[in-house]
Amino acid sequence: MTTDITKQGDMDIGIEMSDLMMIMMMVMMASLLLPLAQQSQAQTTALQAQAYSGQEDPRTIHATNVLSWINLIYDYPFRPWVSAYFINDADSPSAVEIGINYPDDRFTMNPGETVTVTRTGAEERIKAIYFICRPGLNATVRVTGVY
């Protein structure tokens, strides 16, 4: 013969139907807010890509047949440029190849030529600039970046 120590209703957890509905609604709201938070983060990134302080950073580069570069993230100014204005000095003896962010994606500047690269509104700004000349030649390039 067995006897029950507790009555059948005493072991109930005590959650009423209205409490259970409230918990379910909170779970649903949390699952709906996650995509909104991701969208908000994407909009913030896009706004930061378009904002800049307007500070100029002039530099003079002496390019040779050895690949050289400026890393704007790990060196001064420790932030990417929004635009860059390049001048291959007219007294430079040769053309120079310049790569923006990637050393293999280059364009050529002849002596006396100027080029403006603008990344206003782009997701990827100018983080690094690569310079190289043909073997045995060199060039002097003046570049003014804006961040």
# chains A, B, ... in the order shown; residues from 1 in each chain; ligands from 1

$ residues_around --residues "Asp57 in chain A" --least-positions-apart "6" --cutoff "9 Å" --atoms "only C-alpha atoms" --output "list of chain:residue names"
A:Pro77, A:Trp81, A:Val143, A:Thr144, A:Gly145, A:Val146, A:Tyr147

$ write_last_selection --atoms "all heavy atoms" --output "PDB file, in the first residue's frame"
ATOM      1  N   PRO A  77      48.264  58.270 -40.401  1.00  0.00           N
ATOM      2  CA  PRO A  77      47.396  58.820 -39.353  1.00  0.00           C
ATOM      3  C   PRO A  77      46.545  57.775 -38.632  1.00  0.00           C
ATOM      4  O   PRO A  77      45.628  58.123 -37.910  1.00  0.00           O
ATOM      5  CB  PRO A  77      46.518  59.795 -40.118  1.00  0.00           C
ATOM      6  CG  PRO A  77      46.344  59.164 -41.454  1.00  0.00           C
ATOM      7  CD  PRO A  77      47.649  58.475 -41.729  1.00  0.00           C
ATOM      8  N   TRP A  81      42.404  57.082 -45.732  1.00  0.00           N
ATOM      9  CA  TRP A  81      42.133  58.326 -46.435  1.00  0.00           C
ATOM     10  C   TRP A  81      40.828  58.202 -47.216  1.00  0.00           C
ATOM     11  O   TRP A  81      40.459  57.126 -47.663  1.00  0.00           O
ATOM     12  CB  TRP A  81      43.239  58.641 -47.432  1.00  0.00           C
ATOM     13  CG  TRP A  81      44.536  59.101 -46.834  1.00  0.00           C
ATOM     14  CD1 TRP A  81      44.776  59.438 -45.533  1.00  0.00           C
ATOM     15  CD2 TRP A  81      45.770  59.276 -47.525  1.00  0.00           C
ATOM     16  NE1 TRP A  81      46.084  59.814 -45.375  1.00  0.00           N
ATOM     17  CE2 TRP A  81      46.711  59.729 -46.590  1.00  0.00           C
ATOM     18  CE3 TRP A  81      46.158  59.097 -48.832  1.00  0.00           C
ATOM     19  CZ2 TRP A  81      48.036  59.996 -46.929  1.00  0.00           C
ATOM     20  CZ3 TRP A  81      47.475  59.367 -49.192  1.00  0.00           C
ATOM     21  CH2 TRP A  81      48.393  59.816 -48.235  1.00  0.00           C
ATOM     22  N   VAL A 143      52.047  63.060 -52.914  1.00  0.00           N
ATOM     23  CA  VAL A 143      50.658  62.643 -52.707  1.00  0.00           C
ATOM     24  C   VAL A 143      50.112  63.412 -51.506  1.00  0.00           C
ATOM     25  O   VAL A 143      50.777  63.547 -50.485  1.00  0.00           O
ATOM     26  CB  VAL A 143      50.530  61.112 -52.522  1.00  0.00           C
ATOM     27  CG1 VAL A 143      51.363  60.621 -51.349  1.00  0.00           C
ATOM     28  CG2 VAL A 143      49.077  60.696 -52.346  1.00  0.00           C
ATOM     29  N   THR A 144      48.900  63.915 -51.651  1.00  0.00           N
ATOM     30  CA  THR A 144      48.203  64.562 -50.548  1.00  0.00           C
ATOM     31  C   THR A 144      46.918  63.801 -50.307  1.00  0.00           C
ATOM     32  O   THR A 144      46.053  63.727 -51.178  1.00  0.00           O
ATOM     33  CB  THR A 144      47.902  66.035 -50.868  1.00  0.00           C
ATOM     34  OG1 THR A 144      49.133  66.709 -51.127  1.00  0.00           O
ATOM     35  CG2 THR A 144      47.191  66.703 -49.689  1.00  0.00           C
ATOM     36  N   GLY A 145      46.818  63.204 -49.131  1.00  0.00           N
ATOM     37  CA  GLY A 145      45.625  62.461 -48.762  1.00  0.00           C
ATOM     38  C   GLY A 145      44.737  63.281 -47.847  1.00  0.00           C
ATOM     39  O   GLY A 145      45.200  64.176 -47.138  1.00  0.00           O
ATOM     40  N   VAL A 146      43.450  62.979 -47.865  1.00  0.00           N
ATOM     41  CA  VAL A 146      42.478  63.632 -46.984  1.00  0.00           C
ATOM     42  C   VAL A 146      41.778  62.530 -46.192  1.00  0.00           C
ATOM     43  O   VAL A 146      41.294  61.563 -46.750  1.00  0.00           O
ATOM     44  CB  VAL A 146      41.452  64.453 -47.797  1.00  0.00           C
ATOM     45  CG1 VAL A 146      40.427  65.074 -46.872  1.00  0.00           C
ATOM     46  CG2 VAL A 146      42.150  65.516 -48.613  1.00  0.00           C
ATOM     47  N   TYR A 147      41.751  62.713 -44.866  1.00  0.00           N
ATOM     48  CA  TYR A 147      41.059  61.753 -44.003  1.00  0.00           C
ATOM     49  C   TYR A 147      40.075  62.441 -43.098  1.00  0.00           C
ATOM     50  O   TYR A 147      40.022  63.644 -43.013  1.00  0.00           O
ATOM     51  CB  TYR A 147      42.038  60.903 -43.196  1.00  0.00           C
ATOM     52  CG  TYR A 147      42.935  61.669 -42.260  1.00  0.00           C
ATOM     53  CD1 TYR A 147      42.555  61.893 -40.937  1.00  0.00           C
ATOM     54  CD2 TYR A 147      44.164  62.175 -42.678  1.00  0.00           C
ATOM     55  CE1 TYR A 147      43.378  62.589 -40.072  1.00  0.00           C
ATOM     56  CE2 TYR A 147      44.989  62.853 -41.819  1.00  0.00           C
ATOM     57  CZ  TYR A 147      44.589  63.066 -40.521  1.00  0.00           C
ATOM     58  OH  TYR A 147      45.410  63.751 -39.659  1.00  0.00           O
TER      59      TYR A 147
END

$ residues_around --residues "Ile87 in chain A" --least-positions-apart "5" --cutoff "10 Å" --atoms "only C-alpha atoms" --output "PyMOL selection string"
chain A and resi 60+109-116+140-144

$ select_by_dssp --residues "chain A" --states "strand (DSSP E)" --output "PyMOL selection string"
chain A and resi 56-63+68-71+83-88+96-100+106-109+114-118+128-132+139-146

$ write_last_selection --atoms "N, CA and C atoms" --output "tab-separated table (two decimals), in the first residue's frame"
chain	number	residue	atom	x	y	z
A	56	GLU	N	44.31	67.14	-44.06
A	56	GLU	CA	45.20	66.79	-45.16
A	56	GLU	C	46.49	66.16	-44.64
A	57	ASP	N	47.04	65.24	-45.43
A	57	ASP	CA	48.27	64.53	-45.06
A	57	ASP	C	49.18	64.50	-46.29
A	58	PRO	N	50.05	65.53	-46.48
A	58	PRO	CA	50.93	65.55	-47.65
A	58	PRO	C	52.18	64.70	-47.42
A	59	ARG	N	52.60	64.00	-48.48
A	59	ARG	CA	53.80	63.15	-48.39
A	59	ARG	C	54.56	63.19	-49.72
A	60	THR	N	55.84	62.89	-49.64
A	60	THR	CA	56.67	62.76	-50.84
A	60	THR	C	57.27	61.36	-50.82
A	61	ILE	N	57.10	60.64	-51.92
A	61	ILE	CA	57.56	59.25	-52.02
A	61	ILE	C	58.63	59.17	-53.10
A	62	HIS	N	59.71	58.48	-52.81
A	62	HIS	CA	60.76	58.23	-53.79
A	62	HIS	C	60.65	56.75	-54.19
A	63	ALA	N	60.06	56.53	-55.35
A	63	ALA	CA	59.81	55.17	-55.82
A	63	ALA	C	61.01	54.64	-56.60
A	68	SER	N	57.47	49.64	-52.71
A	68	SER	CA	57.37	50.33	-51.41
A	68	SER	C	55.91	50.71	-51.19
A	69	TRP	N	55.56	51.02	-49.95
A	69	TRP	CA	54.17	51.31	-49.67
A	69	TRP	C	54.02	52.21	-48.45
A	70	ILE	N	52.83	52.76	-48.35
A	70	ILE	CA	52.39	53.52	-47.17
A	70	ILE	C	51.22	52.75	-46.60
A	71	ASN	N	51.29	52.38	-45.34
A	71	ASN	CA	50.17	51.72	-44.66
A	71	ASN	C	49.54	52.75	-43.74
A	83	SER	N	40.35	60.45	-49.88
A	83	SER	CA	40.82	60.74	-51.23
A	83	SER	C	42.32	60.98	-51.22
A	84	ALA	N	42.92	60.90	-52.40
A	84	ALA	CA	44.36	61.14	-52.55
A	84	ALA	C	44.61	61.81	-53.89
A	85	TYR	N	45.50	62.82	-53.88
A	85	TYR	CA	45.88	63.54	-55.08
A	85	TYR	C	47.35	63.26	-55.34
A	86	PHE	N	47.66	62.61	-56.48
A	86	PHE	CA	49.02	62.19	-56.81
A	86	PHE	C	49.60	63.11	-57.88
A	87	ILE	N	50.89	63.45	-57.72
A	87	ILE	CA	51.63	64.21	-58.72
A	87	ILE	C	52.95	63.49	-58.95
A	88	ASN	N	53.17	63.02	-60.18
A	88	ASN	CA	54.47	62.46	-60.55
A	88	ASN	C	55.26	63.63	-61.08
A	96	VAL	N	55.69	55.76	-62.91
A	96	VAL	CA	55.58	55.00	-61.67
A	96	VAL	C	54.23	54.28	-61.67
A	97	GLU	N	54.23	53.07	-61.15
A	97	GLU	CA	52.99	52.31	-61.00
A	97	GLU	C	52.53	52.46	-59.56
A	98	ILE	N	51.22	52.76	-59.39
A	98	ILE	CA	50.65	52.99	-58.07
A	98	ILE	C	49.47	52.05	-57.87
A	99	GLY	N	49.46	51.38	-56.72
A	99	GLY	CA	48.36	50.49	-56.36
A	99	GLY	C	47.63	51.03	-55.14
A	100	ILE	N	46.32	50.99	-55.17
A	100	ILE	CA	45.50	51.43	-54.04
A	100	ILE	C	44.94	50.19	-53.35
A	106	ARG	N	47.28	47.98	-60.07
A	106	ARG	CA	48.00	49.24	-60.20
A	106	ARG	C	47.60	50.01	-61.46
A	107	PHE	N	47.84	51.31	-61.41
A	107	PHE	CA	47.73	52.17	-62.58
A	107	PHE	C	49.07	52.87	-62.76
A	108	THR	N	49.34	53.34	-63.98
A	108	THR	CA	50.63	53.96	-64.30
A	108	THR	C	50.47	55.46	-64.42
A	109	MET	N	51.44	56.18	-63.83
A	109	MET	CA	51.51	57.64	-63.94
A	109	MET	C	52.81	58.01	-64.64
A	114	THR	N	49.08	64.01	-63.19
A	114	THR	CA	48.39	64.05	-61.90
A	114	THR	C	47.17	63.13	-61.95
A	115	VAL	N	46.85	62.55	-60.81
A	115	VAL	CA	45.69	61.66	-60.69
A	115	VAL	C	45.03	61.91	-59.34
A	116	THR	N	43.70	61.95	-59.34
A	116	THR	CA	42.94	62.05	-58.09
A	116	THR	C	42.14	60.77	-57.90
A	117	VAL	N	42.27	60.17	-56.74
A	117	VAL	CA	41.52	58.97	-56.38
A	117	VAL	C	40.59	59.35	-55.24
A	118	THR	N	39.29	59.14	-55.43
A	118	THR	CA	38.30	59.50	-54.41
A	118	THR	C	37.54	58.25	-53.99
A	128	ALA	N	46.03	51.56	-47.94
A	128	ALA	CA	47.44	51.38	-48.26
A	128	ALA	C	47.67	51.84	-49.70
A	129	ILE	N	48.89	52.34	-49.98
A	129	ILE	CA	49.27	52.79	-51.31
A	129	ILE	C	50.63	52.16	-51.63
A	130	TYR	N	50.73	51.54	-52.81
A	130	TYR	CA	51.94	50.85	-53.24
A	130	TYR	C	52.57	51.60	-54.42
A	131	PHE	N	53.91	51.66	-54.45
A	131	PHE	CA	54.67	52.37	-55.48
A	131	PHE	C	55.77	51.47	-56.02
A	132	ILE	N	55.97	51.49	-57.34
A	132	ILE	CA	57.08	50.74	-57.95
A	132	ILE	C	57.36	51.33	-59.33
A	139	ALA	N	61.38	57.48	-59.43
A	139	ALA	CA	60.47	58.62	-59.61
A	139	ALA	C	60.17	59.22	-58.26
A	140	THR	N	59.83	60.51	-58.29
A	140	THR	CA	59.41	61.20	-57.08
A	140	THR	C	57.92	61.53	-57.23
A	141	VAL	N	57.14	61.04	-56.29
A	141	VAL	CA	55.69	61.23	-56.33
A	141	VAL	C	55.27	62.00	-55.09
A	142	ARG	N	54.55	63.08	-55.31
A	142	ARG	CA	53.95	63.80	-54.19
A	142	ARG	C	52.49	63.38	-54.10
A	143	VAL	N	52.05	63.06	-52.91
A	143	VAL	CA	50.66	62.64	-52.71
A	143	VAL	C	50.11	63.41	-51.51
A	144	THR	N	48.90	63.92	-51.65
A	144	THR	CA	48.20	64.56	-50.55
A	144	THR	C	46.92	63.80	-50.31
A	145	GLY	N	46.82	63.20	-49.13
A	145	GLY	CA	45.62	62.46	-48.76
A	145	GLY	C	44.74	63.28	-47.85
A	146	VAL	N	43.45	62.98	-47.86
A	146	VAL	CA	42.48	63.63	-46.98
A	146	VAL	C	41.78	62.53	-46.19

$ closest_residue --among "A:Gly121, A:Pro93, A:Pro35, A:Pro103" --to "Thr64 in chain A" --atoms "only C-alpha atoms"
A:Pro93

$ atom_distance --atom1 "CA of Ala122 in chain A" --atom2 "CA of Asp105 in chain A"
17.3 Å

$ select_by_dssp --residues "chain A" --states "helix (DSSP H, G or I)" --output "MDAnalysis selection string"
chainID A and resid 8:11 17:50
